[in-house]
Amino acid sequence: MELYLTSLNSGSNGNCYYVGNAQEAVLVDAGISCRETERRMTRLGLSMSKVKAIFVSHEHSDHIRGIEVLAKKYRLPVYITHDTERFSRLSLSHVQTIPFSAYEPVQVGELSITAFPKFHDAADPHSFTVSYREVKVGVFTDIGAPCDHVIRHFQQCHAAILEANYCETMLQNGHYPYHLKRRISSNKGHLSNKQALTLFTGYKPAFMSHLLLGHLSKENNCPELVQELFTANASGTEIVVASRYEETPVYTIRNAGFAATPPIARPAAPATNVPTQLSLF
């Protein structure tokens, strides 16, 4: 029993995460273009034919930008709450939209996807876990503070994508205006390196084999800093910093033990197409 996990892009310029088994997969968010999603999956040896649905965490553009084209082209159902769809301003009349509710599992083939609420400055934000039999992967990004919902689900995961958005010192000393600094660091903003590390060290299950750290701020964080900080506290978990410019390798997640396994696929060629949208985060 295995799940396969990759970050196709992670950052304020676009977020898209692939989780699947050998037969089917889902995307959590689709914040990069359809073309770029296809390119990155091709480089990893992944097929869009296995993708059966898109799950939407919230309405911010870096999470939904590619949904309209991707869902229409591949006839993918889009799982999205009513409030998220209303505030997203997406044109989804040409695709199937399916509302979901927190703590009500959605079955996609043999995958079970469970949404749960979180703190973020959006209409109806949710994070997700994806399970296949006894293996569970979680996507925990765009979180202002690690509430009980987040902690409870993080403790269950064999692997997770966890936000480490900003270094508190870099944000405090950076050029952002005061109101934006307050928004980012509020309990409806984003997780700092310190908050993410506290969640990881305090609630990581012994069987967590992989932690992908995502949604790093371009202006207020440093990938090398995050890698060093979490590696020093990994206790056997493989630490991967997800890029805002290219895909990660595909990681195999199993339910036995906590030894990290090598990726089953790496990008076939360096990514050259850098998303151009600018974002305050």
# chains A, B, ... in the order shown; residues from 1 in each chain; ligands from 1
$ closest_atom_pairs --of "stretch 106-139 of chain A" --to "stretch 146-165 of chain A" --cutoff "8 Å" --atoms "only C-alpha atoms" --output "CSV"
residue,atom,partner,partner_atom,distance
A:Phe116,CA,A:His149,CA,6.5
A:Pro117,CA,A:His149,CA,6.7
A:Lys118,CA,A:Val150,CA,6.8
A:Phe119,CA,A:Cys147,CA,7.4
A:Thr129,CA,A:His153,CA,7.4
A:Val135,CA,A:His158,CA,6.5
A:Lys136,CA,A:Cys157,CA,5.1
A:Val137,CA,A:Ala159,CA,5.0
A:Gly138,CA,A:Ala160,CA,4.6
A:Val139,CA,A:Ile161,CA,4.8
$ residues_around --residues "A:Ala115" --least-positions-apart "6" --cutoff "7 Å" --atoms "only C-alpha atoms" --output "MDAnalysis selection string"
chainID A and resid 101:103 126:129
$ residues_around --residues "A:Lys52" --least-positions-apart "3" --cutoff "8 Å" --atoms "only C-alpha atoms" --output "VMD selection string"
chain A and resid 24 to 26 49 76 to 77 108
$ select_by_dssp --residues "stretch 63-279 of chain A" --states "alpha helix (DSSP H)" --output "ChimeraX atom specification"
/A:63-64,67-74,82-88,148-154,168-173,178-185,193-203,223-231
$ closest_residue --among "A:Gly45, A:Pro125, A:Gly20, A:Gly11" --to "A:Leu111" --atoms "only C-alpha atoms"
A:Gly20
$ atom_distance --atom1 "atom CA of A:Val240" --atom2 "atom CA of A:Ile80"
28.4 Å
$ select_by_dssp --residues "stretch 34-139 of chain A" --states "strand (DSSP E or B)" --output "PyMOL selection string"
chain A and resi 51-55+78-79+97-98+106-108+111-117+126-132+135-139
$ residues_around --residues "A:Met1" --least-positions-apart "5" --cutoff "12 Å" --atoms "only C-alpha atoms" --output "count of residues only"
17
$ residues_around --residues "stretch 90-92 of chain A" --least-positions-apart "5" --cutoff "8 Å" --atoms "only C-alpha atoms" --output "JSON, numbers by chain"
{"A": [68, 85, 97]}
$ residues_around --residues "stretch 60-62 of chain A" --least-positions-apart "5" --cutoff "9 Å" --atoms "only C-alpha atoms" --output "list in words"
Gly11, Ser12, Asn13, Gly14, Asn15, Cys16, Asp29, Ala30, Gly31, Ile32, Phe87, Ser88, Ala122, Gln277 and Ser279 of chain A
